[in-house]
>>> print(open('data-v5.tsv').read())   # TSV, C-alpha atoms
chain	number	residue	atom	x	y	z
A	1313	MET	CA	126.41	97.39	141.79
A	1314	ALA	CA	129.26	94.99	142.20
A	1315	ALA	CA	131.57	96.92	139.90
A	1316	HIS	CA	131.45	100.11	141.85
A	1317	SER	CA	132.55	98.67	145.13
A	1318	GLU	CA	135.82	97.67	143.45
A	1319	GLN	CA	138.68	99.32	145.29
A	1320	VAL	CA	141.39	100.98	143.21
A	1321	ASP	CA	144.06	103.24	144.65
A	1322	LYS	CA	144.14	106.83	143.40
A	1323	ALA	CA	147.45	106.56	141.59
A	1324	THR	CA	146.18	103.70	139.42
A	1325	LEU	CA	142.75	105.27	138.98
A	1326	TRP	CA	144.03	108.59	137.64
A	1327	GLY	CA	147.28	107.26	136.18
A	1328	GLY	CA	145.93	106.57	132.72
A	1329	ASN	CA	145.03	103.28	131.01
A	1330	ARG	CA	141.69	103.10	132.77
A	1331	SER	CA	138.62	105.24	133.19
A	1332	PRO	CA	138.78	107.34	136.35
A	1333	PHE	CA	135.02	106.77	136.61
A	1334	SER	CA	135.23	102.97	136.12
A	1335	LEU	CA	132.67	103.37	133.36
A	1336	THR	CA	132.53	102.43	129.72
A	1337	TYR	CA	132.84	105.10	127.08
A	1338	GLY	CA	129.26	104.56	125.85
A	1339	LYS	CA	127.64	104.89	129.24
A	1340	GLN	CA	129.56	108.08	130.02
A	1341	MET	CA	128.58	109.62	126.71
A	1342	MET	CA	124.93	108.70	127.25
A	1343	TRP	CA	125.04	110.59	130.54
A	1344	TYR	CA	126.59	113.68	128.92
A	1345	PHE	CA	123.91	113.61	126.24
A	1346	LEU	CA	121.20	113.36	128.89
A	1347	VAL	CA	122.60	116.37	130.75
A	1348	SER	CA	122.38	118.49	127.61
A	1349	ASP	CA	118.91	117.18	126.78
A	1350	ALA	CA	117.75	117.90	130.33
A	1351	LEU	CA	118.96	121.48	129.95
A	1352	THR	CA	116.86	121.78	126.78
A	1353	PHE	CA	113.76	120.66	128.64
A	1354	GLY	CA	114.70	122.89	131.57
A	1355	GLY	CA	114.88	125.82	129.14
A	1356	LEU	CA	111.47	124.97	127.66
A	1357	LEU	CA	109.76	124.72	131.03
A	1358	THR	CA	111.39	127.93	132.24
A	1359	ALA	CA	110.22	129.71	129.08
A	1360	TYR	CA	106.73	128.35	129.77
A	1361	GLY	CA	106.84	129.85	133.26
A	1362	PHE	CA	108.01	133.16	131.80
A	1363	ALA	CA	105.12	133.32	129.30
A	1364	ARG	CA	102.66	132.30	131.98
A	1365	HIS	CA	103.94	135.01	134.31
A	1366	GLN	CA	103.48	137.61	131.55
A	1367	ALA	CA	99.98	136.59	130.53
A	1368	PRO	CA	97.02	138.44	132.07
A	1369	SER	CA	95.20	135.15	132.46
A	1370	TRP	CA	96.10	131.53	132.06
A	1371	PRO	CA	93.90	128.46	131.72
A	1372	VAL	CA	93.65	125.95	134.56
A	1373	ALA	CA	94.63	122.50	133.28
A	1374	GLU	CA	91.95	120.80	135.39
A	1375	GLN	CA	89.31	122.64	133.40
A	1376	ILE	CA	90.71	121.58	130.03
A	1377	PHE	CA	91.87	118.00	130.47
A	1378	ARG	CA	88.84	116.35	132.02
A	1379	ALA	CA	87.79	113.73	129.51
A	1380	PHE	CA	88.51	110.02	129.72
A	1381	PRO	CA	88.51	107.70	126.70
A	1382	LEU	CA	85.30	105.63	126.34
A	1383	LEU	CA	83.69	107.43	129.31
A	1384	ASN	CA	81.32	110.34	129.14
A	1385	GLY	CA	81.71	111.91	132.56
A	1386	ASP	CA	83.92	114.58	134.00
A	1387	TYR	CA	87.30	113.32	135.23
A	1388	PRO	CA	89.68	116.23	135.73
A	1389	LEU	CA	93.31	115.22	135.10
A	1390	MET	CA	92.51	111.53	135.64
A	1391	TYR	CA	93.69	110.39	132.23
A	1392	VAL	CA	96.94	112.37	132.48
A	1393	ALA	CA	97.53	110.82	135.90
A	1394	LEU	CA	96.98	107.37	134.41
A	1395	MET	CA	99.42	108.16	131.58
A	1396	THR	CA	101.98	109.30	134.17
A	1397	PHE	CA	101.50	106.07	136.06
A	1398	ILE	CA	101.92	103.98	132.90
A	1399	LEU	CA	105.20	105.76	132.11
A	1400	ILE	CA	106.47	105.20	135.67
A	1401	VAL	CA	105.58	101.51	135.43
A	1402	SER	CA	107.39	101.21	132.10
A	1403	SER	CA	110.41	102.76	133.80
A	1404	VAL	CA	110.17	100.06	136.46
A	1405	THR	CA	110.01	97.27	133.88
A	1406	MET	CA	113.07	98.83	132.22
A	1407	VAL	CA	115.08	98.82	135.44
A	1408	LEU	CA	114.04	95.17	135.92
A	1409	ALA	CA	115.30	94.41	132.39
A	1410	VAL	CA	118.65	96.02	133.26
A	1411	GLU	CA	118.81	93.99	136.48
A	1412	ALA	CA	118.07	90.77	134.55
A	1413	GLY	CA	120.84	91.76	132.13
A	1414	HIS	CA	123.32	92.02	134.98
A	1415	ARG	CA	122.49	88.40	135.86
A	1416	LEU	CA	122.91	87.44	132.15
A	1417	ASP	CA	119.30	86.24	132.29
A	1418	LYS	CA	118.43	86.60	128.62
A	1419	SER	CA	114.79	85.51	128.88
A	1420	GLY	CA	114.28	87.94	131.78
A	1421	VAL	CA	115.66	90.79	129.68
A	1422	ILE	CA	113.35	89.89	126.80
A	1423	LYS	CA	110.30	89.71	129.07
A	1424	TRP	CA	110.84	93.06	130.82
A	1425	LEU	CA	112.10	94.92	127.76
A	1426	PHE	CA	109.01	93.78	125.84
A	1427	ALA	CA	106.80	95.09	128.67
A	1428	THR	CA	108.67	98.42	128.48
A	1429	VAL	CA	108.03	98.70	124.74
A	1430	ILE	CA	104.31	98.03	125.29
A	1431	GLY	CA	104.10	100.63	128.10
A	1432	GLY	CA	105.82	103.22	125.94
A	1433	ALA	CA	103.51	102.52	123.00
A	1434	ILE	CA	100.43	102.94	125.24
A	1435	PHE	CA	101.81	106.27	126.45
A	1436	VAL	CA	102.41	107.60	122.93
A	1437	GLY	CA	98.91	106.48	121.91
A	1438	SER	CA	97.39	108.22	124.94
A	1439	GLN	CA	99.23	111.38	124.11
A	1440	ALA	CA	97.86	111.27	120.57
A	1441	TRP	CA	94.37	110.96	122.08
A	1442	GLU	CA	95.03	113.96	124.36
A	1443	TRP	CA	96.24	116.03	121.43
A	1444	SER	CA	93.23	115.11	119.35
A	1445	HIS	CA	90.90	116.04	122.20
A	1446	PHE	CA	92.69	119.35	122.78
A	1447	ILE	CA	92.66	120.21	119.07
A	1448	HIS	CA	88.96	119.44	118.62
A	1449	GLY	CA	87.93	121.18	121.81
A	1450	SER	CA	84.86	121.16	123.99
A	1451	HIS	CA	81.33	121.12	122.63
A	1452	HIS	CA	80.45	124.71	123.55
A	1453	GLY	CA	83.51	126.49	122.19
A	1454	ALA	CA	84.47	130.12	122.75
A	1455	PHE	CA	84.70	133.30	120.75
A	1456	GLU	CA	86.88	136.35	120.77
A	1457	ILE	CA	85.56	139.85	120.36
A	1458	SER	CA	87.92	142.34	118.81
A	1459	ASP	CA	87.65	144.99	121.52
A	1460	GLY	CA	88.99	142.73	124.22
A	1461	LEU	CA	86.12	140.45	125.10
A	1462	THR	CA	86.09	136.71	125.14
A	1463	GLY	CA	83.14	134.60	125.97
A	1464	HIS	CA	81.77	131.13	125.89
A	1465	GLY	CA	78.84	130.04	123.83
A	1466	GLY	CA	76.23	127.47	124.59
A	1467	GLU	CA	75.81	126.53	128.22
A	1468	MET	CA	78.38	128.97	129.51
A	1469	ALA	CA	76.81	132.25	128.43
A	1470	THR	CA	78.74	134.56	130.71
A	1471	ILE	CA	81.20	137.05	129.37
A	1472	GLN	CA	84.12	138.57	131.11
A	1473	VAL	CA	84.98	142.08	130.00
A	1474	THR	CA	88.59	142.74	130.87
A	1475	GLU	CA	90.13	146.16	131.13
A	1476	ALA	CA	93.03	147.47	129.10
A	1477	ASP	CA	96.48	146.77	130.54
A	1478	ASP	CA	99.09	149.33	131.66
A	1479	HIS	CA	100.13	150.07	128.10
A	1480	GLY	CA	96.67	150.74	126.81
A	1481	ALA	CA	96.40	147.53	124.84
A	1482	PRO	CA	93.18	145.60	125.37
A	1483	ILE	CA	93.63	142.26	127.06
A	1484	LYS	CA	92.41	139.85	124.47
A	1485	TYR	CA	91.94	136.64	126.37
A	1486	GLY	CA	89.95	136.16	129.51
A	1487	TYR	CA	89.04	132.54	129.80
A	1488	MET	CA	87.31	132.05	133.16
A	1489	SER	CA	89.32	134.97	134.44
A	1490	THR	CA	88.68	136.42	137.86
A	1491	ALA	CA	90.81	139.45	137.04
A	1492	SER	CA	89.32	142.91	137.47
A	1493	GLY	CA	86.60	143.53	134.94
A	1494	VAL	CA	82.89	143.71	134.32
A	1495	LEU	CA	80.88	140.57	134.17
A	1496	VAL	CA	78.21	140.62	131.51
A	1497	GLU	CA	75.40	138.27	132.45
A	1498	GLY	CA	71.86	137.35	131.65
A	1499	ALA	CA	70.08	138.76	128.64
A	1500	GLU	CA	72.96	141.00	127.63
A	1501	ALA	CA	75.40	138.09	127.60
A	1502	ASP	CA	72.93	135.91	125.81
A	1503	ALA	CA	72.43	138.48	123.05
A	1504	LEU	CA	76.19	138.82	122.60
A	1505	VAL	CA	76.67	135.08	122.44
A	1506	ARG	CA	73.88	134.72	119.90
A	1507	SER	CA	75.27	137.49	117.70
A	1508	LYS	CA	78.70	135.90	117.75
A	1509	ILE	CA	77.35	132.47	117.00
A	1510	ALA	CA	75.39	133.96	114.11
A	1511	ASP	CA	78.61	135.54	112.84
A	1512	ASP	CA	80.18	132.09	112.89
A	1513	GLU	CA	83.04	133.29	115.07
A	1514	VAL	CA	82.98	130.50	117.58
A	1515	ILE	CA	86.39	128.94	118.21
A	1516	ASN	CA	86.37	125.23	118.81
A	1517	GLY	CA	89.53	123.69	120.17
A	1518	ALA	CA	93.07	124.92	119.82
A	1519	ASN	CA	95.71	125.29	117.16
A	1520	LEU	CA	98.73	127.52	116.61
A	1521	THR	CA	96.67	130.63	115.82
A	1522	GLU	CA	93.59	130.39	118.03
A	1523	ASN	CA	92.75	128.70	121.28
A	1524	GLU	CA	89.38	128.10	122.83
A	1525	TYR	CA	90.79	127.75	126.32
A	1526	GLY	CA	92.81	130.95	126.62
A	1527	PRO	CA	95.98	132.55	125.25
A	1528	VAL	CA	97.32	131.13	122.00
A	1529	GLN	CA	100.70	130.91	123.76
A	1530	TYR	CA	99.24	128.27	126.04
A	1531	ALA	CA	98.38	126.05	123.08
A	1532	ASN	CA	101.79	126.72	121.52
A	1533	TYR	CA	103.63	125.66	124.67
A	1534	PHE	CA	101.37	122.65	125.05
A	1535	PHE	CA	102.10	121.48	121.53
A	1536	PHE	CA	105.80	122.19	121.76
A	1537	ILE	CA	106.62	120.77	125.20
A	1538	THR	CA	104.39	117.68	125.13
A	1539	GLY	CA	105.24	117.22	121.45
A	1540	PHE	CA	108.99	117.36	122.07
A	1541	HIS	CA	108.58	114.96	124.96
A	1542	GLY	CA	106.29	112.71	122.92
A	1543	PHE	CA	108.92	112.55	120.21
A	1544	HIS	CA	111.45	111.45	122.83
A	1545	VAL	CA	109.05	108.71	123.95
A	1546	PHE	CA	108.47	107.65	120.35
A	1547	SER	CA	112.18	107.44	119.57
A	1548	GLY	CA	112.72	105.65	122.89
A	1549	VAL	CA	110.16	103.01	121.95
A	1550	ILE	CA	111.88	102.49	118.58
A	1551	ILE	CA	115.35	102.25	120.19
A	1552	ASN	CA	114.05	99.84	122.84
A	1553	LEU	CA	112.48	97.74	120.10
A	1554	ILE	CA	115.76	97.58	118.18
A	1555	VAL	CA	117.69	96.54	121.29
A	1556	LEU	CA	114.98	93.98	122.10
A	1557	LEU	CA	115.40	92.43	118.65
A	1558	GLN	CA	119.18	92.42	119.17
A	1559	VAL	CA	118.75	90.61	122.49
A	1560	VAL	CA	116.44	88.04	120.87
A	1561	ARG	CA	118.99	87.54	118.09
A	1562	GLY	CA	121.65	86.87	120.70
A	1563	ALA	CA	123.84	89.79	119.64
A	1564	TYR	CA	124.98	90.52	123.23
A	1565	ASP	CA	125.58	86.95	124.40
A	1566	LYS	CA	129.15	86.76	123.15
A	1567	ARG	CA	130.04	90.09	124.79
A	1568	GLY	CA	129.38	88.67	128.23
A	1569	HIS	CA	127.27	91.65	129.27
A	1570	PHE	CA	124.00	93.40	128.39
A	1571	GLU	CA	125.27	96.93	128.76
A	1572	MET	CA	123.37	98.09	125.68
A	1573	VAL	CA	120.13	97.47	127.62
A	1574	GLU	CA	121.50	99.62	130.44
A	1575	LYS	CA	122.39	102.45	128.03
A	1576	VAL	CA	118.99	102.59	126.36
A	1577	GLY	CA	117.55	102.18	129.86
A	1578	LEU	CA	119.22	105.43	130.89
A	1579	TYR	CA	117.53	107.19	127.99
A	1580	TRP	CA	114.17	105.65	128.87
A	1581	HIS	CA	114.39	106.69	132.53
A	1582	PHE	CA	115.27	110.18	131.37
A	1583	VAL	CA	112.07	110.32	129.31
A	1584	ASP	CA	110.13	109.35	132.44
A	1585	LEU	CA	112.03	111.93	134.48
A	1586	VAL	CA	111.11	114.72	132.08
A	1587	TRP	CA	107.45	113.72	132.20
A	1588	VAL	CA	107.48	113.96	136.00
A	1589	PHE	CA	108.38	117.64	135.60
A	1590	VAL	CA	106.01	118.29	132.70
A	1591	PHE	CA	103.17	116.73	134.72
A	1592	THR	CA	103.88	119.05	137.64
A	1593	PHE	CA	104.49	122.30	135.83
A	1594	PHE	CA	102.02	121.92	132.99
A	1595	TYR	CA	99.14	120.02	134.55
A	1596	LEU	CA	99.27	120.36	138.33
A	1597	LEU	CA	100.39	123.95	138.86
B	968	MET	CA	145.10	104.74	115.37
B	969	GLU	CA	144.27	101.55	117.13
B	970	ARG	CA	141.86	102.05	120.01
B	971	ASP	CA	143.12	100.44	123.16
B	972	ASP	CA	140.10	101.46	125.24
B	973	LEU	CA	137.70	98.87	123.88
B	974	TYR	CA	138.95	95.84	125.77
B	975	ILE	CA	139.45	97.77	129.03
B	976	ASN	CA	136.04	99.38	128.69
B	977	ASP	CA	134.31	96.07	128.12
B	978	SER	CA	135.74	94.81	131.37
B	979	TYR	CA	133.83	97.55	133.23
B	980	ALA	CA	130.59	96.33	131.73
B	981	VAL	CA	131.38	92.72	132.62
B	982	ALA	CA	132.32	93.77	136.15
B	983	ALA	CA	128.86	95.34	136.53
B	984	ASN	CA	127.27	91.89	136.37
B	985	HIS	CA	126.05	90.42	139.62
B	986	ASP	CA	124.83	87.10	141.00
B	987	GLU	CA	121.32	85.93	141.84
B	988	GLU	CA	121.65	86.74	145.54
B	989	HIS	CA	122.69	90.34	144.89
B	990	GLY	CA	119.92	90.60	142.29
B	991	LYS	CA	117.33	89.79	144.93
B	992	VAL	CA	118.47	92.73	147.06
B	993	ILE	CA	118.35	95.05	144.04
B	994	ARG	CA	114.87	93.90	142.98
B	995	LYS	CA	113.58	94.50	146.49
B	996	LYS	CA	114.87	98.07	146.28
B	997	ILE	CA	113.27	98.52	142.84
B	998	TRP	CA	109.84	97.46	144.11
B	999	PHE	CA	110.17	99.73	147.13
B	1000	VAL	CA	110.92	102.72	144.89
B	1001	THR	CA	108.02	101.75	142.60
B	1002	LEU	CA	105.62	101.80	145.55
B	1003	LEU	CA	106.99	105.15	146.71
B	1004	LEU	CA	106.70	106.80	143.27
B	1005	SER	CA	103.13	105.48	142.85
B	1006	ILE	CA	102.08	106.78	146.26
B	1007	ILE	CA	103.56	110.21	145.54
B	1008	THR	CA	101.73	110.42	142.19
B	1009	ILE	CA	98.43	109.39	143.81
B	1010	VAL	CA	98.89	111.97	146.58
B	1011	GLU	CA	99.61	114.69	143.98
B	1012	VAL	CA	96.42	113.90	142.08
B	1013	LEU	CA	94.32	113.65	145.25
B	1014	VAL	CA	95.55	117.06	146.45
B	1015	GLY	CA	94.60	118.45	143.03
B	1016	VAL	CA	91.12	116.93	143.26
B	1017	MET	CA	90.45	117.92	146.86
B	1018	TRP	CA	91.79	121.47	146.74
B	1019	PRO	CA	91.45	122.72	143.16
B	1020	LYS	CA	93.01	126.11	142.53
B	1021	THR	CA	89.72	127.64	141.42
B	1022	ALA	CA	87.89	126.55	144.59
B	1023	LEU	CA	90.41	128.14	146.95
B	1024	GLU	CA	89.56	131.47	148.49
B	1025	GLY	CA	91.65	133.95	146.55
B	1026	GLY	CA	92.40	131.40	143.81
B	1027	GLY	CA	95.94	131.43	142.44
B	1028	GLU	CA	96.96	134.31	144.70
B	1029	SER	CA	96.06	132.67	148.00
B	1030	ALA	CA	98.57	131.49	150.61
B	1031	ALA	CA	96.99	128.03	150.49
B	1032	TRP	CA	97.78	127.73	146.80
B	1033	LEU	CA	101.36	128.84	147.44
B	1034	MET	CA	101.73	126.02	149.96
B	1035	ILE	CA	100.23	123.51	147.54
B	1036	LYS	CA	102.56	124.75	144.80
B	1037	LEU	CA	105.63	124.30	147.01
B	1038	PHE	CA	104.32	120.89	148.10
B	1039	TYR	CA	104.03	119.81	144.45
B	1040	ILE	CA	107.53	121.04	143.62
B	1041	VAL	CA	109.09	119.28	146.62
B	1042	LEU	CA	107.31	116.01	145.74
B	1043	THR	CA	108.49	116.35	142.13
B	1044	LEU	CA	112.09	116.80	143.24
B	1045	VAL	CA	111.79	113.75	145.54
B	1046	LYS	CA	110.48	111.70	142.61
B	1047	ALA	CA	113.26	112.97	140.35
B	1048	GLY	CA	115.87	112.10	142.99
B	1049	TYR	CA	114.67	108.52	143.26
B	1050	ILE	CA	114.54	108.08	139.48
B	1051	VAL	CA	118.05	109.46	138.92
B	1052	LEU	CA	119.80	107.89	141.91
B	1053	ILE	CA	118.09	104.48	142.01
B	1054	PHE	CA	116.58	103.75	138.57
B	1055	MET	CA	119.44	105.33	136.65
B	1056	HIS	CA	121.97	103.99	139.19
B	1057	LEU	CA	123.72	107.35	139.46
B	1058	GLY	CA	123.89	106.83	143.21
B	1059	ASP	CA	125.96	103.67	142.62
B	1060	GLU	CA	128.51	105.28	140.32
B	1061	ARG	CA	131.82	106.68	141.52
B	1062	ARG	CA	131.46	109.91	143.47
B	1063	ASN	CA	133.55	111.82	140.90
B	1064	PHE	CA	131.17	110.87	138.12
B	1065	LYS	CA	128.03	111.54	140.13
B	1066	TRP	CA	129.09	115.11	140.79
B	1067	MET	CA	130.39	115.59	137.28
B	1068	ILE	CA	126.82	115.00	136.10
B	1069	LEU	CA	124.88	116.70	138.88
B	1070	ALA	CA	126.96	119.78	139.68
B	1071	PRO	CA	127.00	121.41	136.21
B	1072	TYR	CA	123.32	120.66	135.72
B	1073	ILE	CA	122.27	122.12	139.06
B	1074	ALA	CA	124.46	125.17	138.49
B	1075	PHE	CA	123.09	125.87	135.02
B	1076	ILE	CA	119.45	125.28	135.90
B	1077	CYS	CA	119.69	127.56	138.95
B	1078	TYR	CA	121.27	130.23	136.76
B	1079	LEU	CA	118.54	129.82	134.13
B	1080	ILE	CA	115.71	130.12	136.66
B	1081	PHE	CA	117.40	133.09	138.33
B	1082	ILE	CA	117.93	134.97	135.09
B	1083	VAL	CA	114.38	134.37	133.88
B	1084	LEU	CA	112.87	135.41	137.22
B	1085	THR	CA	114.88	138.63	137.46
B	1086	GLU	CA	114.84	139.65	133.81
B	1087	GLY	CA	111.29	138.41	133.36
B	1088	SER	CA	109.93	140.92	135.85
B	1089	TYR	CA	112.12	143.68	134.46
B	1090	GLN	CA	111.02	143.80	130.83
B	1091	GLY	CA	108.44	146.59	131.07
B	1092	GLY	CA	108.07	147.61	127.45
B	1093	LEU	CA	107.85	144.21	125.81
B	1094	GLN	CA	104.36	143.07	124.86
B	1095	LEU	CA	103.94	139.36	124.53
B	1096	PHE	CA	100.19	139.37	124.75
>>> encode(input="data-v5.tsv", output="structure tokens")
Amino acid sequence: MAAHSEQVDKATLWGGNRSPFSLTYGKQMMWYFLVSDALTFGGLLTAYGFARHQAPSWPVAEQIFRAFPLLNGDYPLMYVALMTFILIVSSVTMVLAVEAGHRLDKSGVIKWLFATVIGGAIFVGSQAWEWSHFIHGSHHGAFEISDGLTGHGGEMATIQVTEADDHGAPIKYGYMSTASGVLVEGAEADALVRSKIADDEVINGANLTENEYGPVQYANYFFFITGFHGFHVFSGVIINLIVLLQVVRGAYDKRGHFEMVEKVGLYWHFVDLVWVFVFTFFYLL
Amino acid sequence: MERDDLYINDSYAVAANHDEEHGKVIRKKIWFVTLLLSIITIVEVLVGVMWPKTALEGGGESAAWLMIKLFYIVLTLVKAGYIVLIFMHLGDERRNFKWMILAPYIAFICYLIFIVLTEGSYQGGLQLF
């Protein structure tokens, strides 16, 4: 940027009366806020890794998130990848809005900021769809047996019997686990499945107390991390919308700069940045 | 007390404006980064489709999965670097400010990961599951 190539000698720079960073107060404070918010997300993802490390088994995201809206087939992680792409594109339109602002090109700012708002809204909507799908679950469901067995009803009538852990407690969840244990198959499995279905103990989908796909902790972390991020996206869309209306009203024209667009842009890029990490650690790994 | 920083501060924002010619250069850079981020995302998904964890010999414990895991993390950090330094313009700020943001964050996040890794493997008696 033009401003940052400005040469100021050290004595003037640090001598008071001007910012040693050649930045406005608002932009600096936005950066400090983002650092603290990034530490919050860092803490959440680290806690996720901790819980995952402790769990005897953990679901594979590819086996859970494989549906695509309006299509019937099997598309592992495709919709999440599309959502990621949409968020990256909305980050690009935001940086283009900031660039237009630096040229005082008001109509350019309006065009790109509007595109950013639309991209963000599509992302929030997609996340709502993902949540709904995760909460309602697959069509075959799963059930938990009190002595440490979990199994899948319907088409997947195989049951994994897992052994007790080091402390004698039965391992309760064994979704598609390849951990040491006895595999119950055939007629025996079928009888178990039928008895459980008769007892109406089939779990469909996930909530905060039971989870078809594996440990309840997995569902809890899913809801908390993607929910916390989704709330950031939602608030970002609202803030972008407010700034867009301000631009249309001409509120920034008399200031001679569109720095407000740049400040909300920083927040919006941050939201994209967090999703890059959530996508890797929650979906890919 | 009267704030004397407002006028001075505003001049920083005005000084950040640039002309059409400079804008062209910046837009070119933006589209380059866009292409790069898209390619990285596509590669990540393709690797996930071609070598799913469950299809690998040895599953999550295999050396192949370890390599894929490291590959994903490196790509993620590359993406994050481009977003922070180019899209958020941190690379264009004064060096003092850049390190004031990056250094504390890197230090704290390394500490957090270290403490969770070491203490996480140490807590023998705690039953989470």
>>> closest_residue(input="data-v5.tsv", among="A:Met1395, A:Thr1352, A:Leu1520, A:Phe1540", to="Gln1439 of chain A", atoms="all atoms listed in the file")
A:Met1395
>>> interface_residues(input="data-v5.tsv", of="chain B", to="chain A", cutoff="6 Å", atoms="only C-alpha atoms", output="MDAnalysis selection string")
chainID B and resid 976 979 981:986 1055 1061 1064
>>> write_last_selection(input="data-v5.tsv", atoms="C-alpha atoms", output="PDB file, in the coordinates of the input")
ATOM      1  CA  ASN B 976     136.040  99.380 128.690  1.00  0.00           C
ATOM      2  CA  TYR B 979     133.830  97.550 133.230  1.00  0.00           C
ATOM      3  CA  VAL B 981     131.380  92.720 132.620  1.00  0.00           C
ATOM      4  CA  ALA B 982     132.320  93.770 136.150  1.00  0.00           C
ATOM      5  CA  ALA B 983     128.860  95.340 136.530  1.00  0.00           C
ATOM      6  CA  ASN B 984     127.270  91.890 136.370  1.00  0.00           C
ATOM      7  CA  HIS B 985     126.050  90.420 139.620  1.00  0.00           C
ATOM      8  CA  ASP B 986     124.830  87.100 141.000  1.00  0.00           C
ATOM      9  CA  MET B1055     119.440 105.330 136.650  1.00  0.00           C
ATOM     10  CA  ARG B1061     131.820 106.680 141.520  1.00  0.00           C
ATOM     11  CA  PHE B1064     131.170 110.870 138.120  1.00  0.00           C
TER      12      PHE B1064
END
>>> closest_residue(input="data-v5.tsv", among="B:Ala1070, B:Ser1005, B:Ala1047, B:Trp1032", to="Pro1019 of chain B", atoms="all atoms listed in the file")
B:Trp1032
>>> atom_distance(input="data-v5.tsv", atom1="atom CA of Ile993 of chain B", atom2="atom CA of Val1576 of chain A")
19.2 Å
>>> residues_near_point(input="data-v5.tsv", point="(94.4, 128.6, 130.6)", cutoff="8 Å", atoms="only C-alpha atoms", output="count of residues only")
11
